[in-house]
Each structure stands twice: as structure tokens, then as C-alpha cells.
Amino acid sequence: MTSTVPNAAQHTEAAEPITMFGPDFPYAYDDYLAHPAGLGQIPATEHGTEVAVIGGGLSGIVAAYELMKMGLRPVVYEADRIGGRLRTVGFDGCSAAGGGGELTAEMGAMRFPPSSTALQHYIDLVGLETRPFPNPLAPATPSTVVDLKGESHYARTIDDLPQVYRDVMDAWNRCLEEEADFSDMNRAMRERDVPRVRELWSRLVHRLDNQTFYGFLCDSDAFRSFKHREIFGQVGFGTGGWDTDFPNSILEILRVVYTEADDHHRSIVGGSQQLPLRLWEREPRKIVHWPLGTSLSSLHGGEPRPAVTRLHRTAGNRITVTDAAGDIRTYPAVIFTGQSWLLLSKIDCDDA
């Protein structure tokens, strides 16, 4: 198991929390979700209109749930099972240590950062609990072992590792500060200062748009040492080594670091698949057009439509959906929430 070199975000304290707000996506979805008026309104003349939602993972279920609340009729298509990559499997006849319920394993997404505040909104909405995820060297992790070139180090905290690991940590923090305006961006994101976020990010894009992660490190005085770069690549920050990401754009890495997407992870007690399943069955207290007691499940007779096999545009700029059962339906709008490669390999549609 690899360990972690903490990044600068772990040492920054401010009154306001970091969220997924920014750096180049400055939309406060957590504020929108908390607004008394909801996410939006649909003209009464359109109430009950069917809208196809392709994909029954969390994105699809959330989209369908919110559309239903607005008075539309989402029609969810799912090739496998509700939850998509949020899939939890239980073990028959096994219970968790300490009497904590059924023993489960996550077969997909298993951890998320507190900065995912929109996700946390839905976790709270359906009454789920979270707990710290045991990333290497995180407070919730009893210990970890760092093995590099045949030399192993047992550690409970970063202070238990040789000095060179702390040197690498300091180099990364210095690199972020000197080359990526970390403190300034951190402050702007916490304050949700959109003009400042855009100003800083635009400057970085202009300078780093064609730069790789590794090139970014090499250009920094803090990482002049090849040994430090090697250790950083294999041991990394957050959840482990990042050398496989060295060819990737540094801007993608900065998105992760600025939003603390790789820090302070938490997991859902009892398994992540509970979230989409509970939203599927949930009867919103505030709903337009539909009677109280309506849920996504009740609108679908308990089961989503099967996999989509074809998508094509028809008269009036409408979209016709063919599913695996041979059923053909036409909609004024379709939301596609699956992976984009499905449109190339699994679903017959116009490549354009």
C-alpha cells in the first residue's frame, strides 16, 4: 500500500469551507439546491411532459428526481441496475465488526470529499450517515506502510517517515504556492469571489494550458531534485502515487488540488448504492403537478426502462429513443448521463 504526502490544502484554515465551486466552474450548486424556490420552474402548460433520462446512475437519478419535483415526467432508462457506478454488494451471512450491520463491499465509487457539497445535500436529504474514509495516513487510518525500492516504512503519521518524505511534502506545497497561486485561489474559492477566481484561473490557463503534470514539476525550483520527483510520483499526495498522471495536463491536477477533491474523504455507512436507491423511492414533500406520495419508482411501476439501443432526431427537432425491448418513444428532450463512449460503441446514433 502506498502512502501520501499531504498537500497545502490540508494546512489552510479559513472561515468558509472549500467546495467544488471553481476554479473554472463557478456555479454554486449547493446554494441553488438549498433555495426555497428549488432549482427552477416549468410552465404549467408543460406539466406532465415526458423527458427521457438515459442512465440510472446517481447523475441520472438526481436529474430525474429534480425534474419530477418540477412537474415533468422523467422516463429513466438503465442497462443494468439503479446506481450505476455506485454499487454496493453485501455478503450473505456476514455482519460488520462491532455489530454495525451487514458486511458490504463497494464495487464502484466508495469515497468522496467534503467539498462535494451538492452530493452531501442528497446524502442528508435521504438520511444517510458518513464516516471518515481510511486513506493512507489519514486520521481514520490506524497505520500504513510505504514501500519504495524494497525499503518499507511503517507509519501512523507523516512524522513517522524519513525526513525525505517531509522534504517532498514541503516541495509540493512550495510548488503550488509559487507556481499556481494556491493561497490566492484558495481564498477566492472560499469567499466565492467569481471575478477573482476567473482572473487567477485565466492567468494559469494562459501559462499552463499545454503543460503536463511532470513538466510543471520540472519547471519548479522546488522539484529540481529528480529523487524528489520520483518519490512524489510513487508516493504522491491524497490517496497515493501520481506518476501515472504525470503525462496529463497540470490544469486537471490543479482542479483536484484547489477543490480538495483528494483530501479528507468520507464514505457512506452501509454503502454508497443506498443513495440512488433511496432517491428512487423517495416521495418529495414539495412537488409540483404530481400528487403527494409520488416517487420515481411509482412513476415507473417500480422498474426503469431497459437499455437504450438507438437515438435519432426526428421531425420538430425531437429525439426518438429505441430501447432493448424494442419499444420506440419520442421525446422533446433527452438527458444522457452515461459515459460518452457508450454513444460510440453501444448506442446507434449520429456521430455528429
# chains A, B, ... in the order shown; residues from 1 in each chain; ligands from 1
>>> residues_around(residues="region 30-42 of chain A", least_positions_apart="6", cutoff="9 Å", atoms="only C-alpha atoms", output="PyMOL selection string")
chain A and resi 19+66+69-72+116-121
>>> write_last_selection(atoms="N, CA and C atoms", output="PDB file, in the first residue's frame")
ATOM      1  N   THR A  19     -15.348  24.207  -1.416  1.00  0.00           N
ATOM      2  CA  THR A  19     -16.344  23.380  -2.081  1.00  0.00           C
ATOM      3  C   THR A  19     -15.872  23.131  -3.512  1.00  0.00           C
ATOM      4  N   GLU A  66     -35.153  15.709  -9.662  1.00  0.00           N
ATOM      5  CA  GLU A  66     -35.401  17.149  -9.702  1.00  0.00           C
ATOM      6  C   GLU A  66     -36.415  17.512 -10.785  1.00  0.00           C
ATOM      7  N   LYS A  69     -39.841  16.766  -9.416  1.00  0.00           N
ATOM      8  CA  LYS A  69     -40.285  17.781  -8.462  1.00  0.00           C
ATOM      9  C   LYS A  69     -40.831  19.016  -9.184  1.00  0.00           C
ATOM     10  N   MET A  70     -40.286  19.315 -10.369  1.00  0.00           N
ATOM     11  CA  MET A  70     -40.721  20.488 -11.126  1.00  0.00           C
ATOM     12  C   MET A  70     -42.022  20.246 -11.893  1.00  0.00           C
ATOM     13  N   GLY A  71     -42.468  18.986 -11.958  1.00  0.00           N
ATOM     14  CA  GLY A  71     -43.726  18.698 -12.633  1.00  0.00           C
ATOM     15  C   GLY A  71     -43.596  17.987 -13.964  1.00  0.00           C
ATOM     16  N   LEU A  72     -42.366  17.661 -14.374  1.00  0.00           N
ATOM     17  CA  LEU A  72     -42.183  16.870 -15.585  1.00  0.00           C
ATOM     18  C   LEU A  72     -42.266  15.382 -15.254  1.00  0.00           C
ATOM     19  N   SER A 116     -17.555  18.109  -1.861  1.00  0.00           N
ATOM     20  CA  SER A 116     -18.687  17.744  -2.729  1.00  0.00           C
ATOM     21  C   SER A 116     -19.993  18.072  -2.007  1.00  0.00           C
ATOM     22  N   THR A 117     -20.257  19.359  -1.842  1.00  0.00           N
ATOM     23  CA  THR A 117     -21.385  19.774  -1.014  1.00  0.00           C
ATOM     24  C   THR A 117     -22.738  19.485  -1.656  1.00  0.00           C
ATOM     25  N   ALA A 118     -22.807  19.484  -2.992  1.00  0.00           N
ATOM     26  CA  ALA A 118     -24.066  19.123  -3.642  1.00  0.00           C
ATOM     27  C   ALA A 118     -24.381  17.648  -3.396  1.00  0.00           C
ATOM     28  N   LEU A 119     -23.355  16.801  -3.457  1.00  0.00           N
ATOM     29  CA  LEU A 119     -23.548  15.387  -3.139  1.00  0.00           C
ATOM     30  C   LEU A 119     -24.009  15.228  -1.695  1.00  0.00           C
ATOM     31  N   GLN A 120     -23.373  15.970  -0.798  1.00  0.00           N
ATOM     32  CA  GLN A 120     -23.738  15.886   0.615  1.00  0.00           C
ATOM     33  C   GLN A 120     -25.196  16.302   0.831  1.00  0.00           C
ATOM     34  N   HIS A 121     -25.673  17.246   0.029  1.00  0.00           N
ATOM     35  CA  HIS A 121     -27.080  17.664   0.119  1.00  0.00           C
ATOM     36  C   HIS A 121     -28.019  16.463  -0.028  1.00  0.00           C
TER      37      HIS A 121
END
>>> select_by_dssp(residues="region 119-190 of chain A", states="alpha helix (DSSP H)", output="VMD selection string")
chain A and resid 119 to 125 163 to 180 182 to 190
>>> closest_residue(among="A:Thr259, A:Thr49, A:Gln234, A:Thr141", to="Pro113 (chain A)", atoms="only C-alpha atoms")
A:Thr259
>>> closest_residue(among="A:Leu200, A:Leu311, A:Ile231, A:Leu128", to="Ala171 (chain A)", atoms="only C-alpha atoms")
A:Ile231
>>> residues_around(residues="Ser202 (chain A)", least_positions_apart="5", cutoff="9 Å", atoms="only C-alpha atoms", output="PyMOL selection string")
chain A and resi 24+197+207
>>> residues_around(residues="Thr130 (chain A)", least_positions_apart="3", cutoff="8 Å", atoms="only C-alpha atoms", output="tab-separated table (two decimals) with N, CA and C atoms, in the first residue's frame")
chain	number	residue	atom	x	y	z
A	266	ARG	N	-14.69	10.81	2.80
A	266	ARG	CA	-15.65	10.15	3.66
A	266	ARG	C	-16.35	9.05	2.86
A	267	SER	N	-16.93	8.10	3.57
A	267	SER	CA	-17.70	7.04	2.92
A	267	SER	C	-19.09	7.01	3.51
A	268	ILE	N	-20.02	6.39	2.79
A	268	ILE	CA	-21.40	6.29	3.25
A	268	ILE	C	-21.57	5.01	4.05
A	269	VAL	N	-22.03	5.14	5.27
A	269	VAL	CA	-22.23	3.98	6.14
A	269	VAL	C	-23.29	3.07	5.51
>>> atom_distance(atom1="CA of Val75 (chain A)", atom2="CA of Leu277 (chain A)")
15.9 Å
>>> atom_distance(atom1="CA of Pro114 (chain A)", atom2="CA of His265 (chain A)")
6.7 Å
>>> residues_around(residues="Leu343 (chain A)", least_positions_apart="5", cutoff="12 Å", atoms="only C-alpha atoms", output="ChimeraX atom specification")
/A:54,308-312,336-338,348-352
>>> residues_around(residues="Glu16 (chain A)", least_positions_apart="4", cutoff="12 Å", atoms="only C-alpha atoms", output="ChimeraX atom specification")
/A:12,115,186-193
>>> select_by_dssp(residues="region 52-200 of chain A", states="strand (DSSP E or B)", output="PyMOL selection string")
chain A and resi 52-54+57+73-77+83+88-95+102-106+112+130-132+144-148+151-155
>>> write_last_selection(atoms="N, CA and C atoms", output="mmCIF file, in the first residue's frame")
data_model
loop_
_atom_site.group_PDB
_atom_site.id
_atom_site.type_symbol
_atom_site.label_atom_id
_atom_site.label_comp_id
_atom_site.auth_asym_id
_atom_site.auth_seq_id
_atom_site.Cartn_x
_atom_site.Cartn_y
_atom_site.Cartn_z
ATOM 1 N N ALA A 52 -36.800 11.971 -21.421
ATOM 2 C CA ALA A 52 -36.011 10.752 -21.235
ATOM 3 C C ALA A 52 -34.735 11.070 -20.464
ATOM 4 N N VAL A 53 -34.407 10.205 -19.524
ATOM 5 C CA VAL A 53 -33.150 10.287 -18.785
ATOM 6 C C VAL A 53 -32.420 8.972 -19.017
ATOM 7 N N ILE A 54 -31.340 9.030 -19.754
ATOM 8 C CA ILE A 54 -30.612 7.806 -20.115
ATOM 9 C C ILE A 54 -29.473 7.603 -19.132
ATOM 10 N N GLY A 57 -27.574 5.837 -13.063
ATOM 11 C CA GLY A 57 -26.587 6.091 -12.021
ATOM 12 C C GLY A 57 -27.019 7.291 -11.212
ATOM 13 N N ARG A 73 -42.330 14.557 -16.296
ATOM 14 C CA ARG A 73 -42.373 13.106 -16.080
ATOM 15 C C ARG A 73 -41.097 12.496 -16.651
ATOM 16 N N PRO A 74 -40.081 12.285 -15.795
ATOM 17 C CA PRO A 74 -38.847 11.671 -16.277
ATOM 18 C C PRO A 74 -39.069 10.198 -16.594
ATOM 19 N N VAL A 75 -38.481 9.741 -17.687
ATOM 20 C CA VAL A 75 -38.518 8.326 -18.056
ATOM 21 C C VAL A 75 -37.084 7.835 -18.044
ATOM 22 N N VAL A 76 -36.733 7.056 -17.027
ATOM 23 C CA VAL A 76 -35.356 6.634 -16.807
ATOM 24 C C VAL A 76 -35.080 5.322 -17.543
ATOM 25 N N TYR A 77 -33.995 5.303 -18.297
ATOM 26 C CA TYR A 77 -33.502 4.094 -18.968
ATOM 27 C C TYR A 77 -32.213 3.653 -18.274
ATOM 28 N N GLY A 83 -28.185 2.856 -9.758
ATOM 29 C CA GLY A 83 -26.954 3.139 -9.018
ATOM 30 C C GLY A 83 -25.741 3.285 -9.899
ATOM 31 N N THR A 88 -23.026 -1.366 -4.341
ATOM 32 C CA THR A 88 -22.625 -1.974 -3.080
ATOM 33 C C THR A 88 -23.104 -3.413 -3.044
ATOM 34 N N VAL A 89 -22.227 -4.317 -2.635
ATOM 35 C CA VAL A 89 -22.557 -5.743 -2.567
ATOM 36 C C VAL A 89 -22.443 -6.209 -1.119
ATOM 37 N N GLY A 90 -23.483 -6.903 -0.648
ATOM 38 C CA GLY A 90 -23.451 -7.469 0.696
ATOM 39 C C GLY A 90 -23.006 -8.921 0.665
ATOM 40 N N PHE A 91 -22.506 -9.396 1.795
ATOM 41 C CA PHE A 91 -22.051 -10.779 1.920
ATOM 42 C C PHE A 91 -23.052 -11.555 2.768
ATOM 43 N N ASP A 92 -23.635 -12.585 2.175
ATOM 44 C CA ASP A 92 -24.650 -13.363 2.876
ATOM 45 C C ASP A 92 -24.086 -13.961 4.162
ATOM 46 N N GLY A 93 -24.861 -13.806 5.232
ATOM 47 C CA GLY A 93 -24.486 -14.425 6.499
ATOM 48 C C GLY A 93 -23.354 -13.740 7.221
ATOM 49 N N CYS A 94 -22.920 -12.580 6.749
ATOM 50 C CA CYS A 94 -21.813 -11.868 7.396
ATOM 51 C C CYS A 94 -22.307 -10.544 7.947
ATOM 52 N N SER A 95 -21.777 -10.166 9.095
ATOM 53 C CA SER A 95 -22.107 -8.859 9.671
ATOM 54 C C SER A 95 -20.817 -8.117 9.958
ATOM 55 N N GLU A 102 -24.884 -5.324 8.154
ATOM 56 C CA GLU A 102 -24.376 -6.258 7.164
ATOM 57 C C GLU A 102 -22.998 -5.840 6.657
ATOM 58 N N LEU A 103 -22.147 -6.818 6.426
ATOM 59 C CA LEU A 103 -20.827 -6.548 5.858
ATOM 60 C C LEU A 103 -20.979 -6.309 4.362
ATOM 61 N N THR A 104 -20.485 -5.186 3.891
ATOM 62 C CA THR A 104 -20.640 -4.822 2.485
ATOM 63 C C THR A 104 -19.291 -4.468 1.870
ATOM 64 N N ALA A 105 -19.263 -4.533 0.549
ATOM 65 C CA ALA A 105 -18.080 -4.108 -0.206
ATOM 66 C C ALA A 105 -18.530 -3.170 -1.306
ATOM 67 N N GLU A 106 -17.774 -2.099 -1.521
ATOM 68 C CA GLU A 106 -18.062 -1.167 -2.602
ATOM 69 C C GLU A 106 -17.408 -1.678 -3.877
ATOM 70 N N PHE A 112 -15.759 10.124 -1.042
ATOM 71 C CA PHE A 112 -15.970 11.441 -1.621
ATOM 72 C C PHE A 112 -15.438 12.486 -0.647
ATOM 73 N N THR A 130 -22.328 9.381 7.125
ATOM 74 C CA THR A 130 -20.996 9.204 6.553
ATOM 75 C C THR A 130 -19.964 9.071 7.670
ATOM 76 N N ARG A 131 -18.805 8.549 7.307
ATOM 77 C CA ARG A 131 -17.699 8.445 8.266
ATOM 78 C C ARG A 131 -16.396 8.666 7.516
ATOM 79 N N PRO A 132 -15.319 9.022 8.223
ATOM 80 C CA PRO A 132 -14.040 9.245 7.555
ATOM 81 C C PRO A 132 -13.573 7.986 6.825
ATOM 82 N N THR A 144 -0.094 2.773 8.010
ATOM 83 C CA THR A 144 0.127 2.411 6.622
ATOM 84 C C THR A 144 1.588 2.044 6.447
ATOM 85 N N VAL A 145 1.894 1.433 5.322
ATOM 86 C CA VAL A 145 3.266 1.046 5.013
ATOM 87 C C VAL A 145 3.647 1.673 3.683
ATOM 88 N N VAL A 146 4.740 2.385 3.680
ATOM 89 C CA VAL A 146 5.290 2.947 2.454
ATOM 90 C C VAL A 146 6.425 2.047 2.010
ATOM 91 N N ASP A 147 6.316 1.502 0.806
ATOM 92 C CA ASP A 147 7.357 0.636 0.272
ATOM 93 C C ASP A 147 7.899 1.262 -1.008
ATOM 94 N N LEU A 148 9.167 1.621 -0.995
ATOM 95 C CA LEU A 148 9.779 2.266 -2.144
ATOM 96 C C LEU A 148 11.147 1.635 -2.390
ATOM 97 N N GLU A 151 12.426 -0.794 0.216
ATOM 98 C CA GLU A 151 12.581 -0.301 1.581
ATOM 99 C C GLU A 151 11.208 0.089 2.120
ATOM 100 N N SER A 152 10.818 -0.549 3.220
ATOM 101 C CA SER A 152 9.492 -0.334 3.783
ATOM 102 C C SER A 152 9.561 0.506 5.053
ATOM 103 N N HIS A 153 8.564 1.358 5.200
ATOM 104 C CA HIS A 153 8.466 2.194 6.400
ATOM 105 C C HIS A 153 7.042 2.093 6.926
ATOM 106 N N TYR A 154 6.921 1.679 8.179
ATOM 107 C CA TYR A 154 5.630 1.605 8.859
ATOM 108 C C TYR A 154 5.357 2.966 9.490
ATOM 109 N N ALA A 155 4.169 3.507 9.270
ATOM 110 C CA ALA A 155 3.905 4.860 9.768
ATOM 111 C C ALA A 155 2.450 5.026 10.188
#
>>> atom_distance(atom1="CA of Pro276 (chain A)", atom2="CA of Ile123 (chain A)")
9.5 Å
>>> closest_atom_pairs(of="region 124-185 of chain A", to="region 214-225 of chain A", cutoff="8 Å", atoms="only C-alpha atoms", output="Markdown table")
| residue | atom | partner | partner_atom | distance |
| --- | --- | --- | --- | --- |
| A:Ala171 | CA | A:Ala222 | CA | 4.9 |
| A:Trp172 | CA | A:Ala222 | CA | 7.3 |
| A:Arg174 | CA | A:Ala222 | CA | 6.4 |
| A:Cys175 | CA | A:Ala222 | CA | 5.8 |
| A:Glu179 | CA | A:Ser220 | CA | 7.2 |
>>> residues_around(residues="Arg278 (chain A)", least_positions_apart="5", cutoff="12 Å", atoms="only C-alpha atoms", output="PyMOL selection string")
chain A and resi 58+61-62+65+82-83+122-128+271-273+283-284+295-297
>>> write_last_selection(atoms="N, CA and C atoms", output="tab-separated table (two decimals), in the first residue's frame")
chain	number	residue	atom	x	y	z
A	58	LEU	N	-26.14	7.78	-10.34
A	58	LEU	CA	-26.53	8.87	-9.47
A	58	LEU	C	-26.89	10.13	-10.26
A	61	ILE	N	-30.39	9.65	-11.71
A	61	ILE	CA	-31.43	9.61	-10.69
A	61	ILE	C	-31.65	11.01	-10.11
A	62	VAL	N	-30.56	11.75	-9.87
A	62	VAL	CA	-30.70	13.11	-9.37
A	62	VAL	C	-31.43	13.98	-10.38
A	65	TYR	N	-35.08	12.99	-10.42
A	65	TYR	CA	-35.74	13.40	-9.18
A	65	TYR	C	-36.09	14.88	-9.21
A	82	ILE	N	-30.18	0.26	-10.88
A	82	ILE	CA	-30.16	1.61	-10.32
A	82	ILE	C	-28.88	1.79	-9.50
A	83	GLY	N	-28.18	2.86	-9.76
A	83	GLY	CA	-26.95	3.14	-9.02
A	83	GLY	C	-25.74	3.29	-9.90
A	122	TYR	N	-27.74	15.61	-1.02
A	122	TYR	CA	-28.62	14.46	-1.26
A	122	TYR	C	-28.39	13.37	-0.22
A	123	ILE	N	-27.17	13.23	0.26
A	123	ILE	CA	-26.90	12.27	1.34
A	123	ILE	C	-27.73	12.63	2.58
A	124	ASP	N	-27.72	13.94	2.91
A	124	ASP	CA	-28.51	14.40	4.06
A	124	ASP	C	-30.01	14.27	3.79
A	125	LEU	N	-30.42	14.55	2.55
A	125	LEU	CA	-31.83	14.52	2.20
A	125	LEU	C	-32.46	13.16	2.47
A	126	VAL	N	-31.72	12.09	2.17
A	126	VAL	CA	-32.28	10.75	2.34
A	126	VAL	C	-31.88	10.11	3.68
A	127	GLY	N	-31.20	10.89	4.54
A	127	GLY	CA	-30.93	10.42	5.89
A	127	GLY	C	-29.81	9.41	6.04
A	128	LEU	N	-28.81	9.49	5.15
A	128	LEU	CA	-27.67	8.59	5.28
A	128	LEU	C	-26.58	9.21	6.16
A	271	GLY	N	-22.97	1.63	2.59
A	271	GLY	CA	-22.77	1.51	1.15
A	271	GLY	C	-23.34	2.67	0.35
A	272	SER	N	-22.61	3.05	-0.70
A	272	SER	CA	-22.98	4.22	-1.50
A	272	SER	C	-24.22	4.00	-2.36
A	273	GLN	N	-24.53	2.74	-2.70
A	273	GLN	CA	-25.68	2.50	-3.58
A	273	GLN	C	-27.00	2.86	-2.91
A	283	GLU	N	-40.38	10.08	-1.79
A	283	GLU	CA	-41.57	10.86	-2.12
A	283	GLU	C	-41.34	12.29	-1.64
A	284	PRO	N	-41.02	13.22	-2.54
A	284	PRO	CA	-40.70	14.59	-2.12
A	284	PRO	C	-41.85	15.23	-1.35
A	295	SER	N	-43.27	9.11	-6.42
A	295	SER	CA	-41.82	8.88	-6.42
A	295	SER	C	-41.41	8.47	-7.83
A	296	LEU	N	-40.11	8.46	-8.07
A	296	LEU	CA	-39.63	7.96	-9.36
A	296	LEU	C	-40.06	6.51	-9.55
A	297	SER	N	-39.98	5.74	-8.49
A	297	SER	CA	-40.38	4.34	-8.57
A	297	SER	C	-41.85	4.20	-8.97
